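Source file start.txt; content: compact mmCIF, C-alpha atoms.
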```
# COMPACT_ATOMS: atom_id res chain seq x y z
CA MET A 1 101.46 85.75 96.84
CA PRO A 2 103.11 89.17 97.28
CA THR A 3 101.52 91.33 99.91
CA PHE A 4 100.63 94.90 99.13
CA ASP A 5 101.71 97.08 102.04
CA PRO A 6 100.31 100.58 101.56
CA PHE A 7 102.26 101.83 104.58
CA GLU A 8 105.65 100.82 103.29
CA LYS A 9 107.95 103.82 103.56
CA HIS A 10 110.08 104.96 100.69
CA SER A 11 113.58 106.37 101.03
CA SER A 12 112.69 109.36 98.86
CA GLU A 13 110.39 110.81 101.53
CA SER A 14 110.67 114.58 101.61
CA SER A 15 109.22 117.23 103.86
CA THR A 16 108.02 119.15 100.84
CA ALA A 17 105.17 117.56 98.99
CA THR A 18 105.78 117.42 95.30
CA LEU A 19 103.08 118.11 92.77
CA GLU A 20 102.94 114.40 92.06
CA GLU A 21 102.28 113.60 95.72
CA GLN A 22 99.56 116.21 95.87
CA ASP A 23 97.83 114.49 92.98
CA LEU A 24 97.83 111.11 94.69
CA PRO A 25 94.32 109.89 95.47
CA TRP A 26 93.29 108.75 98.92
CA ASN A 27 92.81 105.07 99.61
CA VAL A 28 90.42 103.51 102.07
CA LEU A 29 92.06 100.39 103.50
CA VAL A 30 90.44 97.71 105.60
CA ARG A 31 92.67 95.45 107.67
CA ASN A 32 91.89 91.93 108.78
CA ASP A 33 90.62 91.22 112.27
CA PRO A 34 89.89 87.86 113.87
CA VAL A 35 86.50 88.93 115.18
CA ASN A 36 84.18 90.13 112.46
CA LEU A 37 82.39 87.46 110.46
CA MET A 38 82.83 87.10 106.71
CA ASN A 39 79.13 87.57 105.97
CA TYR A 40 79.18 90.67 108.18
CA VAL A 41 82.09 92.22 106.25
CA VAL A 42 80.41 91.46 102.90
CA MET A 43 77.18 93.06 104.10
CA VAL A 44 79.00 96.16 105.36
CA PHE A 45 80.88 96.68 102.08
CA LYS A 46 77.61 96.39 100.18
CA LYS A 47 75.84 98.86 102.45
CA VAL A 48 78.61 101.43 102.74
CA PHE A 49 79.90 101.45 99.16
CA GLY A 50 76.86 100.11 97.29
CA TYR A 51 78.94 97.26 95.88
CA ASN A 52 77.27 94.19 94.48
CA THR A 53 77.76 90.88 96.27
CA GLU A 54 80.57 89.75 93.96
CA ARG A 55 82.64 92.89 94.44
CA ALA A 56 82.01 92.99 98.18
CA ARG A 57 83.01 89.35 98.50
CA LYS A 58 86.19 89.97 96.49
CA HIS A 59 87.28 92.69 98.92
CA MET A 60 86.29 90.62 101.95
CA LEU A 61 88.42 87.68 100.74
CA GLU A 62 91.31 90.06 100.07
CA VAL A 63 91.10 91.31 103.66
CA HIS A 64 90.90 87.75 104.95
CA GLU A 65 93.69 86.26 102.83
CA ARG A 66 96.10 89.17 102.34
CA GLY A 67 95.44 90.97 105.58
CA VAL A 68 94.39 94.21 103.92
CA SER A 69 92.26 95.42 101.03
CA CYS A 70 92.07 98.80 99.38
CA VAL A 71 88.30 99.07 99.17
CA TRP A 72 87.94 102.54 97.70
CA THR A 73 90.05 105.27 96.12
CA GLY A 74 89.17 108.89 95.52
CA SER A 75 88.91 112.31 97.11
CA ARG A 76 90.09 112.95 100.67
CA GLU A 77 86.71 114.14 101.89
CA ARG A 78 84.84 111.07 100.74
CA ALA A 79 87.61 108.74 101.88
CA GLU A 80 87.40 110.23 105.39
CA HIS A 81 83.66 109.82 105.38
CA TYR A 82 83.96 106.17 104.37
CA VAL A 83 86.59 105.40 107.02
CA HIS A 84 84.41 107.01 109.69
CA THR A 85 81.38 105.02 108.53
CA LEU A 86 83.40 101.78 108.55
CA HIS A 87 84.52 102.58 112.09
CA GLN A 88 80.87 102.78 113.10
CA TRP A 89 80.63 99.20 111.85
CA GLN A 90 83.73 98.28 113.92
CA LEU A 91 85.93 97.53 110.91
CA ARG A 92 89.65 98.40 111.04
CA ALA A 93 89.59 101.00 108.31
CA GLU A 94 92.42 103.44 107.61
CA LEU A 95 93.26 106.25 105.26
CA SER A 96 96.31 105.92 103.04
CA ARG A 97 97.81 108.05 100.36
CA GLN A 98 100.32 105.60 99.07
CA GLN A 99 100.49 104.80 95.38
CA GLY A 100 99.61 101.26 94.39
CA GLY A 101 96.09 100.95 95.77
CA ASP A 102 93.78 98.96 93.56
CA GLY A 103 90.53 100.00 95.16
CA ASP A 104 87.36 100.85 93.32
CA ASN A 105 87.42 104.48 92.37
CA GLU A 106 84.83 107.19 92.68
CA ASP A 107 83.15 106.09 89.49
CA GLY A 108 82.89 102.58 90.87
CA LYS A 109 85.19 101.19 88.16
CA MET B 1 61.43 97.60 105.19
CA SER B 2 60.56 95.83 108.43
CA PHE B 3 61.41 92.39 109.73
CA GLU B 4 59.77 90.01 112.16
CA ILE B 5 62.45 88.03 113.95
CA ASP B 6 61.21 84.90 115.64
CA LEU B 7 64.19 83.70 117.62
CA LYS B 8 63.19 81.79 120.72
CA ILE B 9 66.11 81.68 123.11
CA ALA B 10 65.75 79.71 126.37
CA PRO B 11 65.09 81.99 129.40
CA GLU B 12 68.25 80.89 131.23
CA LEU B 13 70.38 81.62 128.19
CA LEU B 14 68.66 84.94 127.63
CA ALA B 15 69.28 85.95 131.25
CA ALA B 16 72.97 85.08 130.92
CA MET B 17 73.12 87.03 127.68
CA ARG B 18 71.52 90.10 129.29
CA LYS B 19 74.15 90.00 132.02
CA MET B 20 77.07 89.63 129.60
CA VAL B 21 75.72 92.33 127.27
CA GLY B 22 75.33 94.66 130.27
CA MET B 23 78.91 94.06 131.39
CA ALA B 24 80.34 94.55 127.89
CA THR B 25 78.26 97.70 127.42
CA GLU B 26 79.70 99.22 130.59
CA GLN B 27 83.23 98.36 129.45
CA LEU B 28 82.58 99.90 126.03
CA LYS B 29 81.25 103.11 127.57
CA GLN B 30 84.42 103.45 129.64
CA ALA B 31 86.82 102.34 126.91
CA PRO B 32 85.53 102.14 123.33
CA ASN B 33 87.25 99.73 120.96
CA PRO B 34 90.44 101.36 119.60
CA LEU B 35 90.33 102.27 115.91
CA PRO B 36 92.92 104.00 113.71
CA ALA B 37 92.79 107.80 113.85
CA ILE B 38 91.57 109.62 110.74
CA HIS B 39 92.99 113.04 111.60
CA GLN B 40 96.29 112.38 113.35
CA ASP B 41 97.38 115.97 112.75
CA ASP B 42 94.13 117.53 113.96
CA PRO B 43 93.27 116.49 117.55
CA GLU B 44 90.17 118.68 117.66
CA MET B 45 88.68 117.06 114.57
CA GLU B 46 89.67 113.62 115.84
CA TYR B 47 87.95 114.33 119.16
CA PHE B 48 84.78 115.37 117.32
CA LEU B 49 84.79 112.14 115.28
CA GLN B 50 85.43 110.00 118.38
CA GLU B 51 82.51 111.66 120.15
CA ASP B 52 80.32 110.97 117.14
CA LEU B 53 81.39 107.31 117.14
CA LEU B 54 80.74 107.05 120.86
CA GLY B 55 77.26 108.54 120.49
CA ALA B 56 76.35 106.17 117.66
CA LEU B 57 77.72 103.19 119.58
CA GLY B 58 75.71 104.21 122.66
CA LYS B 59 72.49 104.16 120.63
CA ASP B 60 73.30 100.73 119.17
CA LEU B 61 74.03 99.25 122.59
CA GLU B 62 70.99 100.84 124.15
CA LEU B 63 68.73 99.27 121.53
CA LEU B 64 70.26 95.83 122.12
CA GLU B 65 69.86 96.14 125.89
CA ARG B 66 66.28 97.39 125.51
CA THR B 67 65.40 94.60 123.08
CA LEU B 68 66.68 91.98 125.52
CA ALA B 69 65.11 93.68 128.56
CA GLU B 70 61.69 93.73 126.91
CA GLY B 71 61.82 89.98 126.33
CA GLY B 72 62.88 90.22 122.70
CA LEU B 73 64.44 87.01 121.35
CA GLY B 74 62.64 85.14 124.15
CA ASP B 75 59.06 83.97 123.79
CA GLN B 76 57.83 86.77 121.53
CA PRO B 77 58.80 87.61 117.95
CA ILE B 78 60.30 91.08 117.60
CA LYS B 79 59.48 93.57 114.88
CA LEU B 80 62.30 95.80 113.74
CA ASP B 81 62.88 98.11 110.83
CA GLU B 82 66.05 97.92 108.75
CA ALA B 83 67.88 100.67 110.65
CA GLU B 84 67.11 99.02 114.00
CA LEU B 85 68.28 95.63 112.79
CA GLU B 86 71.50 97.19 111.50
CA SER B 87 71.94 98.83 114.88
CA LEU B 88 71.68 95.44 116.63
CA VAL B 89 74.20 93.92 114.22
CA ARG B 90 76.66 96.74 114.95
CA ALA B 91 76.10 96.36 118.71
CA CYS B 92 76.91 92.63 118.45
CA ALA B 93 80.11 93.47 116.53
CA ALA B 94 81.22 96.05 119.10
CA ILE B 95 80.61 93.67 122.00
CA ARG B 96 82.43 90.80 120.30
CA VAL B 97 85.47 93.03 119.68
CA LYS B 98 85.42 94.13 123.33
CA VAL B 99 85.12 90.53 124.60
CA ARG B 100 88.02 89.57 122.34
CA ASP B 101 90.18 92.41 123.68
CA THR B 102 89.39 91.70 127.34
CA ALA B 103 88.26 88.23 128.44
CA LEU B 104 89.75 86.51 125.36
CA ARG B 105 92.97 88.51 125.15
CA SER B 106 95.06 85.42 125.97
CA ILE B 107 93.78 83.65 122.83
CA SER B 108 95.76 84.10 119.63
CA ASP B 109 94.16 85.74 116.59
CA GLU B 110 94.61 82.58 114.56
CA THR B 111 92.95 80.34 117.14
CA LEU B 112 90.06 82.74 117.40
CA GLU B 113 89.66 83.27 113.65
CA TYR B 114 89.47 79.55 112.92
CA SER B 115 87.41 78.72 116.04
CA ASP B 116 90.18 76.32 117.05
CA LEU B 117 89.98 76.75 120.81
CA ASP B 118 90.14 73.72 123.11
CA LEU B 119 87.46 75.00 125.43
CA LEU B 120 87.87 72.43 128.20
CA LYS B 121 91.51 73.37 128.71
CA GLN B 122 90.59 77.01 129.38
CA PRO B 123 89.79 78.67 132.72
CA LEU B 124 86.10 79.01 133.50
CA GLU B 125 85.94 82.75 132.74
CA VAL B 126 87.46 82.15 129.30
CA GLN B 127 85.02 79.30 128.66
CA GLN B 128 82.10 81.57 129.54
CA ALA B 129 83.41 84.49 127.51
CA TYR B 130 84.12 82.31 124.48
CA SER B 131 80.66 80.72 124.63
CA PHE B 132 79.10 84.17 124.77
CA TYR B 133 81.34 85.33 121.92
CA LEU B 134 80.19 82.43 119.70
CA PHE B 135 76.57 82.76 120.75
CA LEU B 136 76.59 86.44 119.84
CA ALA B 137 78.08 85.55 116.44
CA ALA B 138 75.22 83.12 115.81
CA ILE B 139 72.65 85.78 116.69
CA GLN B 140 74.47 88.34 114.55
CA SER B 141 74.51 85.93 111.61
CA THR B 142 70.78 85.37 111.98
CA PHE B 143 70.17 89.12 111.84
CA ILE B 144 72.45 89.42 108.80
CA SER B 145 70.54 86.67 107.00
CA TYR B 146 67.44 88.89 107.26
CA LEU B 147 69.23 92.05 106.16
CA ASP B 148 71.24 90.52 103.33
CA PRO B 149 70.56 86.86 102.51
CA GLU B 150 73.24 86.92 99.78
CA SER B 151 76.06 87.97 102.10
CA ASN B 152 77.14 84.40 102.90
CA PRO B 153 80.64 84.36 101.38
CA TRP B 154 80.37 80.80 100.16
CA PHE B 155 77.09 81.31 98.34
CA SER B 156 77.33 81.93 94.61
CA ASP B 157 75.33 81.38 91.42
CA GLU B 158 77.54 78.36 90.78
CA ASP B 159 76.28 76.79 94.01
CA ASP B 160 72.76 77.47 92.82
CA GLU B 161 73.43 75.74 89.54
CA LYS B 162 75.05 72.82 91.34
CA GLU B 163 72.01 72.38 93.56
CA ASP B 164 69.75 72.41 90.50
CA TRP B 165 71.96 69.86 88.83
CA ASP B 166 72.02 67.64 91.96
CA GLU B 167 68.24 67.64 92.09
CA GLU B 168 67.87 66.37 88.52
```
Starting from the file, lay out its structure as structure tokens.
Amino acid sequence: MPTFDPFEKHSSESSTATLEEQDLPWNVLVRNDPVNLMNYVVMVFKKVFGYNTERARKHMLEVHERGVSCVWTGSRERAEHYVHTLHQWQLRAELSRQQGGDGDNEDGK
Amino acid sequence: MSFEIDLKIAPELLAAMRKMVGMATEQLKQAPNPLPAIHQDDPEMEYFLQEDLLGALGKDLELLERTLAEGGLGDQPIKLDEAELESLVRACAAIRVKVRDTALRSISDETLEYSDLDLLKQPLEVQQAYSFYLFLAAIQSTFISYLDPESNPWFSDEDDEKEDWDEE
């Protein structure tokens, strides 16, 4: 299975942000860790994002099997808030602005 | 919502747990678990967020230490509201991460993730740390089962249907 690496660098990186880059949404990524329990991660996703059990479990399994899951996509402010909240729960959450995230968006779709 | 947790842990085990929790708490106060920065380009904002995390972690750990010190999880059931129970679950997570990064640092991620450690081949301090690490996971799971009974990743409606079918 191909692995989505949101931090992969592209050769076309430029010091000047293009309009397209400015429009990119922010992704909340959660990386795998060997410590936190599966039921714990499911519970945290449900509490933090309000996901149902099925959606939370899908993201948890993605973290476990692929090493990373894009759990949410949307505005910078809310993405920062979510990452901070996930840090309070000791999850390895990161912000990313790379295209290709398949996280649930602000409308929960 | 409030919960009554009736976990009766043997006094000897509880005493050992108090000691280990105390040690891990001290380590966490001196060196919190490292997490990716949110504002790499804004040190002031990052400092503010780290302080906030540290404050929240301190409250979680304090509640766990207080619960154990007052005999909670020993011979008396404990009554906790949802926020308090969440706090204990977070404290368990923080301590497990710290134990992993210190006493269990010689163990590979894979071995740890799949609980594949040959305990008897390990030095005594690793045996003790690993036992504590697993014990804390069991307690954490018990708390989670109160907070969110559906969170077990292997539980699904299909399992429910299968059980019904098996009973017929």
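The list of residues within 10 Å of (84.3, 107.6, 120.5), counted using only C-alpha atoms, is His87 and Gln88 of chain A; Leu28, Lys29, Ala31, Pro32, Asn33, Pro34, Leu35, Glu46, Tyr47, Phe48, Leu49, Gln50, Glu51, Asp52, Leu53, Leu54, Gly55, Ala56, Leu57 and Gly58 of chain B.
In this model, the gap between atom CA of Lys46 of chain A and atom CA of Asp116 of chain B comes to 29.1 Å.
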Inset, instruction - For chain A, report every residue with an atom at most 6 Å from chain B (counting only C-alpha atoms), formatted as a PyMOL selection string. - result: chain A and resi 34+39+42-43+89
Inset, instruction - Tell me, in Å to one decimal, how far atom CA of Gln30 of chain B is from atom CA of Ala69 of chain B. - result: 21.7 Å
Inset, instruction - Figure out the distance between atom CA of Glu4 of chain B and atom CA of Val44 of chain A, please, to one decimal in Å. - result: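 Spanning atom CA of Val44 of chain A to atom CA of Glu4 of chain B is a straight-line distance of 21.3 Å.
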Could you write segment 108-122 of chain B as a short mmCIF file (atom, residue, chain, number, x, y, z; two decimals), in the frame of the given file, with N, CA and C atoms rebuilt where they are missing?
```cif
data_model
loop_
_atom_site.label_atom_id
_atom_site.label_comp_id
_atom_site.auth_asym_id
_atom_site.auth_seq_id
_atom_site.Cartn_x
_atom_site.Cartn_y
_atom_site.Cartn_z
N SER B 108 95.12 83.51 120.81
CA SER B 108 95.76 84.10 119.63
C SER B 108 94.71 84.41 118.55
N ASP B 109 95.06 85.37 117.69
CA ASP B 109 94.16 85.74 116.59
C ASP B 109 93.81 84.53 115.74
N GLU B 110 94.82 83.73 115.45
CA GLU B 110 94.61 82.58 114.56
C GLU B 110 93.64 81.57 115.17
N THR B 111 93.84 81.29 116.45
CA THR B 111 92.95 80.34 117.14
C THR B 111 91.51 80.84 117.12
N LEU B 112 91.39 82.14 117.34
CA LEU B 112 90.06 82.74 117.40
C LEU B 112 89.41 82.76 116.01
N GLU B 113 90.20 83.13 115.01
CA GLU B 113 89.66 83.27 113.65
C GLU B 113 89.16 81.94 113.12
N TYR B 114 89.86 80.85 113.45
CA TYR B 114 89.47 79.55 112.92
C TYR B 114 88.70 78.73 113.96
N SER B 115 88.21 79.39 115.01
CA SER B 115 87.41 78.72 116.04
C SER B 115 88.06 77.42 116.50
N ASP B 116 89.37 77.50 116.77
CA ASP B 116 90.18 76.32 117.05
C ASP B 116 90.54 76.22 118.53
N LEU B 117 89.66 76.69 119.38
CA LEU B 117 89.98 76.75 120.81
C LEU B 117 89.56 75.46 121.52
N ASP B 118 90.48 74.89 122.30
CA ASP B 118 90.14 73.72 123.11
C ASP B 118 89.51 74.25 124.40
N LEU B 119 88.20 74.32 124.37
CA LEU B 119 87.46 75.00 125.43
C LEU B 119 87.70 74.41 126.83
N LEU B 120 87.76 73.08 126.89
CA LEU B 120 87.87 72.43 128.20
C LEU B 120 89.22 72.67 128.88
N LYS B 121 90.20 73.10 128.10
CA LYS B 121 91.51 73.37 128.71
C LYS B 121 91.62 74.82 129.19
N GLN B 122 90.56 75.59 129.02
CA GLN B 122 90.59 77.01 129.38
C GLN B 122 90.01 77.24 130.77
#
```
